Structures are given as C-alpha cells and as structure tokens.
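> Let me begin by handing over the structure; questions about it come next.
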Amino acid sequence: MAVLTYPHPILRRRAKPVEPGSPEARKVAAALREEFSSLAAHGLAANQIGLPLRAILVRLGGEERVLLNPEVVARSAEVEVDWEGCLSLPGVEAEVPRAKEVRVRAVGEDGSQVELALSDLEARVLQHEVDHLDGVLYVDLLPQGERRAVLAAYRRAREATKEKVPSAG
C-alpha cells in the first residue's frame, strides 16, 4: 500500500465505522502499522491508504496507537495556529488553526473504550487524523485565498516531480 495523495476521491469521503475485533478491524490495524513503519509522521488515517474505515494510527507520548471509530467530543475554546503538513499533500505546509485541547473517544484494537484528553501537538494530530476520516483536509480550514495558494503550490510541486516522458520522435 502507499499513501494516497490529493485529489484522490477517497480522501474526500466520510469513512465507515469499523467493528472492533472484526477481521476488517484487524486488517486495517495491520495495514496502518505496516505503512506507518516506513513514514516520518505523527499519524495516519486508514482512508489515506485506501481503506475507507474509521481507523487511525497516531503517535502519542512516544507510543503508536491504533484507534477505531475516534471522535472529538470536546474542544477547548482556546485555539492555536501552527504549521501543518500532510502525507496526502506532500511538499506544502500552512499555518492552521486548531483547538489547543481536545477530548477524544475511540475504541482500542482490543475493543476497550478509550477516552483521551490531549493538548498541543497531540491534540493537533488527533484533530488532523479525525478530519481525514470525515473527508476534510487541513487546507479546508484555511481562508479561501490561502487555501488556493497552498493548493497551487502543491500542484506546481507535483508537476515538478513528475517524471518527464521523452516524446517519440
């Protein structure tokens, strides 16, 4: 598997809930771990690797955790603006506003209920990955002009890295 990049349509679809303990849940957890092991990232959502299921893998406190059906249930009123990038939009970053603190409910791989109170980078990572499961990319949180500029820079970077095919002549 590989990380899908914008504008792949699966990145814009809301992912389906996954049944903890099911073969599907085991498959998505294994796929997330396998792909994440080769990445320099804080998190990865299942739909980024072509699996339209509500599952993410995040690094929290130095530990990698797979969370099934995560949802942000509370956000602080305090917002922080910080730089974000995305594996699905390689080569570009932007300053993105996010809640400084969040409370997240999810199910662990073993079926246990998980509730996390997170702040700062960990809160940002969870919000970013849950957004993926809802078909939202970080650029969607930017003012329209800035969003256009970031996407234009992404397209230019993508064109620049495409292999040039010699013309038959």
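A note on labels: chains of the structure tokens are A, B, ... as shown, every chain counts residues from 1, and ligands are counted from 1 in their shown order.
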Show me, as a list in words, the residues that have an atom within 9 Å of Ile56 (chain A) when counting only C-alpha atoms, minus same-chain residues fewer than 5 positions from it.
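With the cut-off at 9 Å, the set is Val28, Ala29, Leu32, Gly43, Leu44, Ala45, Ala46, Asn47, Arg65, Val66, Leu67, Leu68, Asn69, Pro70, Leu126, Glu129, Val130 and Leu133 of chain A.
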> Quick one: write out the picked residues with N, CA and C atoms as a CSV table (one decimal), in the first residue's frame?

chain,number,residue,atom,x,y,z
A,28,VAL,N,-7.3,-3.5,9.0
A,28,VAL,CA,-6.9,-2.1,8.9
A,28,VAL,C,-5.8,-1.7,9.9
A,29,ALA,N,-5.8,-2.3,11.1
A,29,ALA,CA,-4.8,-2.0,12.0
A,29,ALA,C,-3.4,-2.5,11.5
A,32,LEU,N,-2.3,-0.2,8.7
A,32,LEU,CA,-1.8,1.1,9.2
A,32,LEU,C,-0.4,1.0,9.8
A,43,GLY,N,0.9,10.7,12.5
A,43,GLY,CA,-0.4,10.0,12.4
A,43,GLY,C,-0.7,9.6,11.0
A,44,LEU,N,-1.6,8.7,10.8
A,44,LEU,CA,-2.1,8.2,9.5
A,44,LEU,C,-3.5,7.7,9.7
A,45,ALA,N,-4.3,8.1,8.7
A,45,ALA,CA,-5.7,7.6,8.7
A,45,ALA,C,-5.9,6.5,7.7
A,46,ALA,N,-6.8,5.6,7.9
A,46,ALA,CA,-7.0,4.5,7.1
A,46,ALA,C,-7.4,4.9,5.6
A,47,ASN,N,-8.2,5.9,5.5
A,47,ASN,CA,-8.5,6.3,4.1
A,47,ASN,C,-7.3,6.8,3.3
A,65,ARG,N,-0.5,4.1,18.6
A,65,ARG,CA,-1.8,3.6,19.0
A,65,ARG,C,-2.7,3.6,17.8
A,66,VAL,N,-3.4,2.4,17.6
A,66,VAL,CA,-4.4,2.4,16.6
A,66,VAL,C,-5.7,2.7,17.4
A,67,LEU,N,-6.5,3.6,16.8
A,67,LEU,CA,-7.8,4.0,17.4
A,67,LEU,C,-8.9,3.7,16.4
A,68,LEU,N,-9.9,3.0,16.8
A,68,LEU,CA,-11.0,2.7,15.9
A,68,LEU,C,-12.2,3.7,16.3
A,69,ASN,N,-12.9,4.1,15.2
A,69,ASN,CA,-14.1,5.0,15.4
A,69,ASN,C,-13.8,6.2,16.3
A,70,PRO,N,-12.7,6.9,16.1
A,70,PRO,CA,-12.4,8.0,17.0
A,70,PRO,C,-13.3,9.2,16.7
A,126,LEU,N,-4.5,14.5,16.6
A,126,LEU,CA,-5.8,13.8,16.6
A,126,LEU,C,-6.9,14.5,15.8
A,129,GLU,N,-6.1,13.8,12.0
A,129,GLU,CA,-6.5,12.5,11.6
A,129,GLU,C,-8.0,12.2,11.6
A,130,VAL,N,-8.7,12.7,12.6
A,130,VAL,CA,-10.2,12.6,12.6
A,130,VAL,C,-10.8,13.4,11.4
A,133,LEU,N,-10.8,11.3,8.4
A,133,LEU,CA,-11.9,10.3,8.4
A,133,LEU,C,-13.3,10.9,8.0
> Mind listing the alpha helix (DSSP H) residues of region 104-149 of chain A, per DSSP on the backbone, as a ChimeraX atom specification?
/A:120-133,144-149
> Take the residues from that selection and write them out as a PDB file, in the first residue's frame, keeping C-alpha atoms.

ATOM      1  CA  ASP A 120      -0.800  20.915  21.977  1.00  0.00           C
ATOM      2  CA  LEU A 121       0.806  18.711  19.269  1.00  0.00           C
ATOM      3  CA  GLU A 122      -1.086  15.552  20.277  1.00  0.00           C
ATOM      4  CA  ALA A 123      -4.412  17.428  20.131  1.00  0.00           C
ATOM      5  CA  ARG A 124      -3.452  18.812  16.711  1.00  0.00           C
ATOM      6  CA  VAL A 125      -2.527  15.357  15.412  1.00  0.00           C
ATOM      7  CA  LEU A 126      -5.806  13.804  16.597  1.00  0.00           C
ATOM      8  CA  GLN A 127      -7.860  16.609  15.052  1.00  0.00           C
ATOM      9  CA  HIS A 128      -5.957  16.275  11.767  1.00  0.00           C
ATOM     10  CA  GLU A 129      -6.471  12.492  11.569  1.00  0.00           C
ATOM     11  CA  VAL A 130     -10.152  12.575  12.597  1.00  0.00           C
ATOM     12  CA  ASP A 131     -10.680  15.259   9.952  1.00  0.00           C
ATOM     13  CA  HIS A 132      -9.272  12.810   7.387  1.00  0.00           C
ATOM     14  CA  LEU A 133     -11.924  10.271   8.381  1.00  0.00           C
ATOM     15  CA  GLN A 144     -10.102  30.738   0.710  1.00  0.00           C
ATOM     16  CA  GLY A 145      -7.208  32.755  -0.743  1.00  0.00           C
ATOM     17  CA  GLU A 146      -4.615  30.957   1.332  1.00  0.00           C
ATOM     18  CA  ARG A 147      -6.178  27.595   0.503  1.00  0.00           C
ATOM     19  CA  ARG A 148      -5.940  28.373  -3.212  1.00  0.00           C
ATOM     20  CA  ALA A 149      -2.303  29.431  -2.842  1.00  0.00           C
TER      21      ALA A 149
END
> What is the distance, in Å and to one decimal place, between CA of Arg59 (chain A) and CA of Phe36 (chain A)?
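It comes out at 10.0 Å.
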> Go through A:Gly135, A:Arg158, A:Asp110, A:Ala77 one by one, measure the shortest atom-to-atom distance of each to Ile10 (chain A) using only C-alpha atoms, and give the residue with the smallest value.
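Distance minimum relative to Ile10 (chain A) lands on A:Gly135.
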> What parts of chain A does DSSP call strand (DSSP E)? I'd like the answer as a VMD selection string.
chain A and resid 43 to 45 55 to 60 63 to 75 79 to 85 93 to 99 101 to 108 113 to 119
> One number please: CA of Asp82 (chain A) to CA of Gly61 (chain A), in Å, one decimal.
19.4 Å
